[in-house]
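> Sharing start.txt, compact mmCIF, C-alpha atoms:
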```txt
# COMPACT_ATOMS: atom_id res chain seq x y z
CA LYS X 728 6.54 -27.95 33.07
CA THR X 729 8.97 -25.11 32.32
CA ASP X 730 10.52 -23.83 29.09
CA ALA X 731 14.17 -24.96 28.92
CA MET X 732 15.23 -21.41 28.10
CA GLU X 733 14.35 -20.50 31.70
CA PHE X 734 17.53 -22.40 32.61
CA ALA X 735 19.78 -20.90 29.93
CA LYS X 736 21.66 -18.81 32.50
CA ILE X 737 22.32 -20.50 35.82
CA ARG X 738 24.31 -18.80 38.57
CA SER X 739 27.13 -20.63 40.33
CA THR X 740 24.90 -20.83 43.39
CA GLY X 741 22.07 -22.31 41.32
CA ILE X 742 18.54 -21.09 40.64
CA ARG X 743 15.13 -22.27 41.78
CA ALA X 744 13.49 -24.82 39.48
CA ILE X 745 10.21 -25.34 41.36
CA ASN X 746 8.49 -24.29 44.59
CA LEU X 747 7.79 -27.27 46.84
CA ASP X 748 5.22 -27.77 49.57
CA GLU X 749 6.46 -28.76 53.02
CA GLY X 750 7.31 -32.46 53.10
CA ASP X 751 7.65 -32.71 49.31
CA GLU X 752 10.88 -33.06 47.34
CA LEU X 753 12.04 -32.92 43.73
CA ALA X 754 12.69 -36.47 42.53
CA PHE X 755 12.94 -36.51 38.71
CA CYS X 756 13.36 -34.20 35.75
CA SER X 757 13.11 -35.01 32.02
CA MET X 758 13.19 -33.21 28.69
CA SER X 759 10.08 -33.22 26.49
CA SER X 760 8.94 -31.82 23.16
CA GLY X 761 5.66 -30.35 24.38
CA ASN X 762 3.56 -32.94 22.51
CA ASP X 763 4.57 -36.15 24.26
CA THR X 764 2.80 -38.36 26.78
CA ILE X 765 4.00 -38.94 30.34
CA ILE X 766 4.09 -42.08 32.49
CA ILE X 767 4.54 -41.74 36.25
CA ALA X 768 5.11 -44.84 38.40
CA THR X 769 4.87 -45.25 42.16
CA HIS X 770 6.56 -47.35 44.86
CA ASN X 771 3.39 -49.39 45.51
CA GLY X 772 2.84 -50.36 41.88
CA GLN X 773 0.49 -47.69 40.56
CA GLY X 774 1.06 -45.79 37.32
CA ILE X 775 -0.63 -43.11 35.25
CA HIS X 776 -0.29 -42.19 31.57
CA PHE X 777 -1.45 -38.76 30.43
CA LYS X 778 -0.89 -36.21 27.67
CA GLU X 779 1.76 -33.59 28.27
CA SER X 780 -0.63 -31.00 26.82
CA GLU X 781 -2.60 -31.25 30.09
CA VAL X 782 0.33 -29.57 31.86
CA ARG X 783 0.67 -25.93 30.85
CA SER X 784 4.10 -24.31 30.75
CA MET X 785 4.87 -22.35 33.94
CA GLY X 786 7.65 -20.20 35.34
CA ARG X 787 10.41 -21.52 37.57
CA ASN X 788 8.75 -20.23 40.74
CA ALA X 789 5.47 -22.06 40.15
CA ALA X 790 4.56 -25.06 42.31
CA GLY X 791 3.32 -27.14 39.36
CA VAL X 792 0.21 -29.30 39.06
CA ARG X 793 -0.68 -32.78 40.27
CA GLY X 794 0.45 -35.62 38.01
CA ILE X 795 -0.82 -38.57 40.07
CA SER X 796 -2.81 -38.84 43.29
CA LEU X 797 -0.85 -40.91 45.82
CA ARG X 798 -2.43 -43.31 48.24
CA ASP X 799 -1.28 -43.62 51.86
CA LYS X 800 2.44 -44.43 52.28
CA ASP X 801 3.13 -44.28 48.53
CA HIS X 802 5.55 -42.10 46.56
CA VAL X 803 6.76 -41.57 42.99
CA VAL X 804 9.72 -43.73 41.88
CA GLY X 805 10.04 -42.75 38.23
CA ILE X 806 8.85 -40.82 35.21
CA GLU X 807 9.19 -41.54 31.49
CA ILE X 808 8.51 -39.26 28.54
CA VAL X 809 7.00 -41.13 25.58
CA PRO X 810 7.41 -39.41 22.19
CA GLU X 811 4.14 -38.70 20.41
CA GLY X 812 2.98 -41.73 18.44
CA ALA X 813 5.99 -43.87 19.42
CA ALA X 814 5.45 -47.63 19.68
CA VAL X 815 7.75 -48.31 22.63
CA ASP X 816 7.92 -50.58 25.65
CA VAL X 817 8.35 -49.72 29.32
CA LEU X 818 10.29 -51.92 31.73
CA PHE X 819 9.27 -51.90 35.41
CA ALA X 820 11.63 -53.34 38.03
CA THR X 821 11.01 -54.34 41.65
CA SER X 822 13.15 -54.54 44.77
CA GLN X 823 13.31 -58.35 44.75
CA GLY X 824 14.79 -58.53 41.24
CA TYR X 825 11.60 -59.05 39.24
CA GLY X 826 10.30 -56.96 36.38
CA LYS X 827 7.87 -56.65 33.54
CA ARG X 828 8.17 -55.29 30.00
CA VAL X 829 4.91 -53.78 28.77
CA ASN X 830 4.00 -52.02 25.52
CA VAL X 831 3.06 -48.42 26.26
CA ALA X 832 -0.18 -48.93 24.31
CA ASP X 833 -1.39 -51.18 27.16
CA PHE X 834 -1.52 -48.12 29.41
CA ARG X 835 -4.53 -46.15 28.29
CA VAL X 836 -4.10 -42.40 28.22
CA ALA X 837 -6.03 -40.89 31.14
CA HIS X 838 -6.32 -37.43 32.63
CA ARG X 839 -3.56 -36.33 34.96
CA GLY X 840 -4.26 -36.26 38.70
CA GLY X 841 -5.94 -39.66 38.99
CA VAL X 842 -4.75 -42.64 41.07
CA GLY X 843 -3.72 -44.50 37.92
CA VAL X 844 -3.75 -48.26 37.27
CA ARG X 845 -1.70 -51.23 38.44
CA THR X 846 1.71 -51.46 36.74
CA ILE X 847 3.10 -54.62 38.39
CA PRO X 848 1.98 -56.51 41.51
CA THR X 849 3.99 -55.58 44.61
CA ALA X 850 2.71 -58.21 47.05
CA GLY X 851 4.61 -61.42 47.76
CA ARG X 852 7.70 -62.29 45.72
CA ASN X 853 8.05 -59.05 43.71
CA GLY X 854 8.57 -56.46 46.42
CA TYR X 855 8.02 -52.76 45.76
CA VAL X 856 8.69 -50.94 42.47
CA ILE X 857 12.12 -49.26 42.25
CA GLY X 858 11.78 -47.63 38.83
CA LEU X 859 10.80 -47.77 35.18
CA GLU X 860 12.67 -47.25 31.91
CA ARG X 861 11.66 -46.86 28.27
CA VAL X 862 13.27 -49.73 26.32
CA SER X 863 13.57 -51.24 22.85
CA ASP X 864 15.33 -54.35 21.52
CA GLU X 865 18.43 -52.19 20.97
CA SER X 866 18.59 -51.02 24.59
CA ASN X 867 21.00 -52.08 27.28
CA VAL X 868 19.78 -52.26 30.87
CA LEU X 869 21.96 -51.92 33.95
CA LEU X 870 20.59 -53.24 37.25
CA ILE X 871 22.30 -52.21 40.49
CA ASP X 872 21.72 -53.89 43.85
CA THR X 873 22.09 -52.39 47.32
CA ASN X 874 25.62 -53.77 47.58
CA GLY X 875 26.70 -51.89 44.44
CA LYS X 876 26.80 -54.96 42.20
CA VAL X 877 25.95 -54.16 38.56
CA ILE X 878 24.26 -56.59 36.18
CA ARG X 879 23.87 -55.88 32.47
CA LEU X 880 20.76 -57.16 30.74
CA SER X 881 19.30 -57.00 27.24
CA PRO X 882 15.54 -56.36 26.90
CA GLN X 883 15.53 -59.04 24.20
CA GLU X 884 15.79 -61.51 27.08
CA ILE X 885 12.45 -60.23 28.45
CA ARG X 886 9.30 -60.88 26.47
CA THR X 887 6.61 -58.21 26.28
CA MET X 888 3.69 -58.98 28.61
CA GLY X 889 0.23 -57.68 29.29
CA ARG X 890 -0.38 -55.11 32.00
CA GLN X 891 -1.97 -57.71 34.30
CA ALA X 892 1.03 -60.07 34.24
CA LYS X 893 3.08 -60.63 37.40
CA GLY X 894 6.43 -60.28 35.61
CA VAL X 895 9.58 -62.42 35.50
CA ARG X 896 12.88 -62.59 37.33
CA LEU X 897 15.37 -60.05 35.97
CA VAL X 898 18.25 -60.94 38.26
CA ARG X 899 18.95 -63.42 41.03
CA LEU X 900 20.03 -61.36 44.03
CA ASP X 901 22.42 -62.40 46.78
CA THR X 902 20.94 -63.11 50.19
CA GLY X 903 19.93 -59.93 51.99
CA GLN X 904 20.29 -57.74 48.89
CA GLU X 905 17.62 -55.76 47.03
CA LEU X 906 17.53 -54.13 43.64
CA ALA X 907 18.26 -50.43 44.14
CA ALA X 908 18.37 -48.82 40.70
CA MET X 909 17.91 -49.42 36.98
CA ILE X 910 18.96 -47.47 33.89
CA ALA X 911 18.44 -48.17 30.17
CA PHE X 912 20.47 -46.74 27.30
CA GLU X 913 21.33 -47.32 23.65
CA MET X 914 24.91 -47.40 22.38
CA THR X 915 25.21 -45.49 19.12
CA GLU X 916 28.58 -43.72 19.09
CA GLU X 917 32.08 -45.10 18.84
CA ILE X 918 34.73 -43.74 21.18
CA GLU X 919 38.35 -43.87 20.08
CA GLN X 920 40.26 -46.29 22.26
CA PRO X 921 43.47 -45.00 23.86
CA ALA X 922 46.77 -46.51 22.75
CA PRO X 923 48.40 -48.96 25.17
CA PRO X 924 51.10 -47.53 27.48
CA ALA X 925 54.47 -47.16 25.74
CA SER X 926 56.43 -48.07 28.83
CA GLY X 927 55.62 -51.73 28.51
CA ASP X 928 55.11 -51.98 32.27
CA GLY X 929 52.44 -54.62 31.88
CA SER X 930 49.69 -52.44 33.37
CA VAL X 931 46.12 -53.32 32.45
CA GLN X 932 43.62 -50.82 31.06
CA THR X 933 39.87 -51.28 30.80
CA VAL X 934 38.29 -49.63 27.78
CA MET X 935 34.53 -49.20 27.42
CA SER X 936 33.09 -48.54 23.99
CA THR X 937 29.70 -47.05 23.20
CA HIS X 938 29.32 -48.95 19.97
CA GLU X 939 28.71 -52.64 19.40
CA GLU X 940 28.22 -54.49 16.15
CA LYS X 941 24.82 -56.03 15.63
CA LYS X 942 25.16 -59.77 15.58
```
As structure tokens, how would this structure be written, given the file I've shared?

Amino acid sequence: KTDAMEFAKIRSTGIRAINLDEGDELAFCSMSSGNDTIIIATHNGQGIHFKESEVRSMGRNAAGVRGISLRDKDHVVGIEIVPEGAAVDVLFATSQGYGKRVNVADFRVAHRGGVGVRTIPTAGRNGYVIGLERVSDESNVLLIDTNGKVIRLSPQEIRTMGRQAKGVRLVRLDTGQELAAMIAFEMTEEIEQPAPPASGDGSVQTVMSTHEEKK
């Protein structure tokens, strides 16, 4: 964890954010308040939830501390910052298009550095975990498969389950495809739409808005 002011002045060639051990790599970075809790999820379905206060603030050249202990052939696939006291849900997604929405309260707060607990089963139909996102009923979720196909999903279509549940199908994938990425966001601002072309040439424009009326 590093104070954001350490990155206030960045050279055109960049600056070092963290020192890494051989064979390690930087995978994720998130903003926090200093009083939040952190959830880390792994490829093989493990996850840990701990208080941010267990990670002291360090300089940019520090190597950091252990967040989760990884078992053989496992690696981190995502991190989520949970605001202090927030009653939110977390959505886990797997490579075969399945997922599970779980209330963050179902993940007990533990000490950092442990092996964590099971987030979603990875054997059989589910496949491995590809990521997690903090969601609410107002969120929009984009799912992207390995062929670049994008599917939009509302968390309202996914009921909240217990931590031991196997999950449900989020998307039906084409043969030979896997789910590659997931992102969740909320649309709160309205963007002014451009006027149609004056030339009347019949060209088509696609306009995306970041505001939708609640139905």
> So, with only C-alpha atoms as the atoms that count, which of X:Glu865, X:Asp901, X:Asp799, X:Asp872 lies closest to Met914 in chain X?
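The answer is X:Glu865, which sits nearest to Met914 in chain X.
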> Using all atoms listed in the file, which protein or nucleic acid residues come within 12 Å of Ala789 in chain X? Drop anything in the same chain fewer than 3 positions from it, and give the result as a list in words.
Lys728, Thr729, Arg743, Ala744, Ile745, Asn746, Leu747, Asp748, Arg783, Ser784, Met785, Gly786 and Val792 of chain X
> Residues of the last selection are to be written out with C-alpha atoms, as a PDB file, in the frame of the given file.

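Listed below is the output, out-v4.pdb:
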```pdb
ATOM      1  CA  LYS X 728       6.540 -27.950  33.070  1.00  0.00           C
ATOM      2  CA  THR X 729       8.970 -25.110  32.320  1.00  0.00           C
ATOM      3  CA  ARG X 743      15.130 -22.270  41.780  1.00  0.00           C
ATOM      4  CA  ALA X 744      13.490 -24.820  39.480  1.00  0.00           C
ATOM      5  CA  ILE X 745      10.210 -25.340  41.360  1.00  0.00           C
ATOM      6  CA  ASN X 746       8.490 -24.290  44.590  1.00  0.00           C
ATOM      7  CA  LEU X 747       7.790 -27.270  46.840  1.00  0.00           C
ATOM      8  CA  ASP X 748       5.220 -27.770  49.570  1.00  0.00           C
ATOM      9  CA  ARG X 783       0.670 -25.930  30.850  1.00  0.00           C
ATOM     10  CA  SER X 784       4.100 -24.310  30.750  1.00  0.00           C
ATOM     11  CA  MET X 785       4.870 -22.350  33.940  1.00  0.00           C
ATOM     12  CA  GLY X 786       7.650 -20.200  35.340  1.00  0.00           C
ATOM     13  CA  VAL X 792       0.210 -29.300  39.060  1.00  0.00           C
TER      14      VAL X 792
END
```
> Expressed in Å to a single decimal, how great is the separation between CA of Ser739 in chain X and CA of Ser760 in chain X?
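CA of Ser760 in chain X lies at a distance of 27.4 Å from CA of Ser739 in chain X.
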> Using only C-alpha atoms, which residue out of X:Arg798, X:Arg828, X:Lys778, X:Lys736 lies closest to Gln883 in chain X?
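Checking each of X:Arg798, X:Arg828, X:Lys778, X:Lys736 against Gln883 in chain X, counting only C-alpha atoms, the winner is X:Arg828.
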> For the atom pair CA of Gln823 in chain X and CA of Ile878 in chain X, what is the interatomic distance in Å to one decimal place?
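Going from CA of Gln823 in chain X over to CA of Ile878 in chain X, I get 14.0 Å.
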> Kindly give the distance, in Å, that separates CA of Pro848 in chain X and CA of Pro882 in chain X, rounded to a single decimal.
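Computing the Euclidean distance for CA of Pro848 in chain X and CA of Pro882 in chain X yields 19.9 Å.
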> Hey, what's within 12 Å of Gly812 in chain X if we count only C-alpha atoms and toss same-chain stuff fewer than 4 positions away? As a list in words, please?
Asn762, Asp763, Thr764, Lys778, Ile808, Val831 and Ala832 of chain X
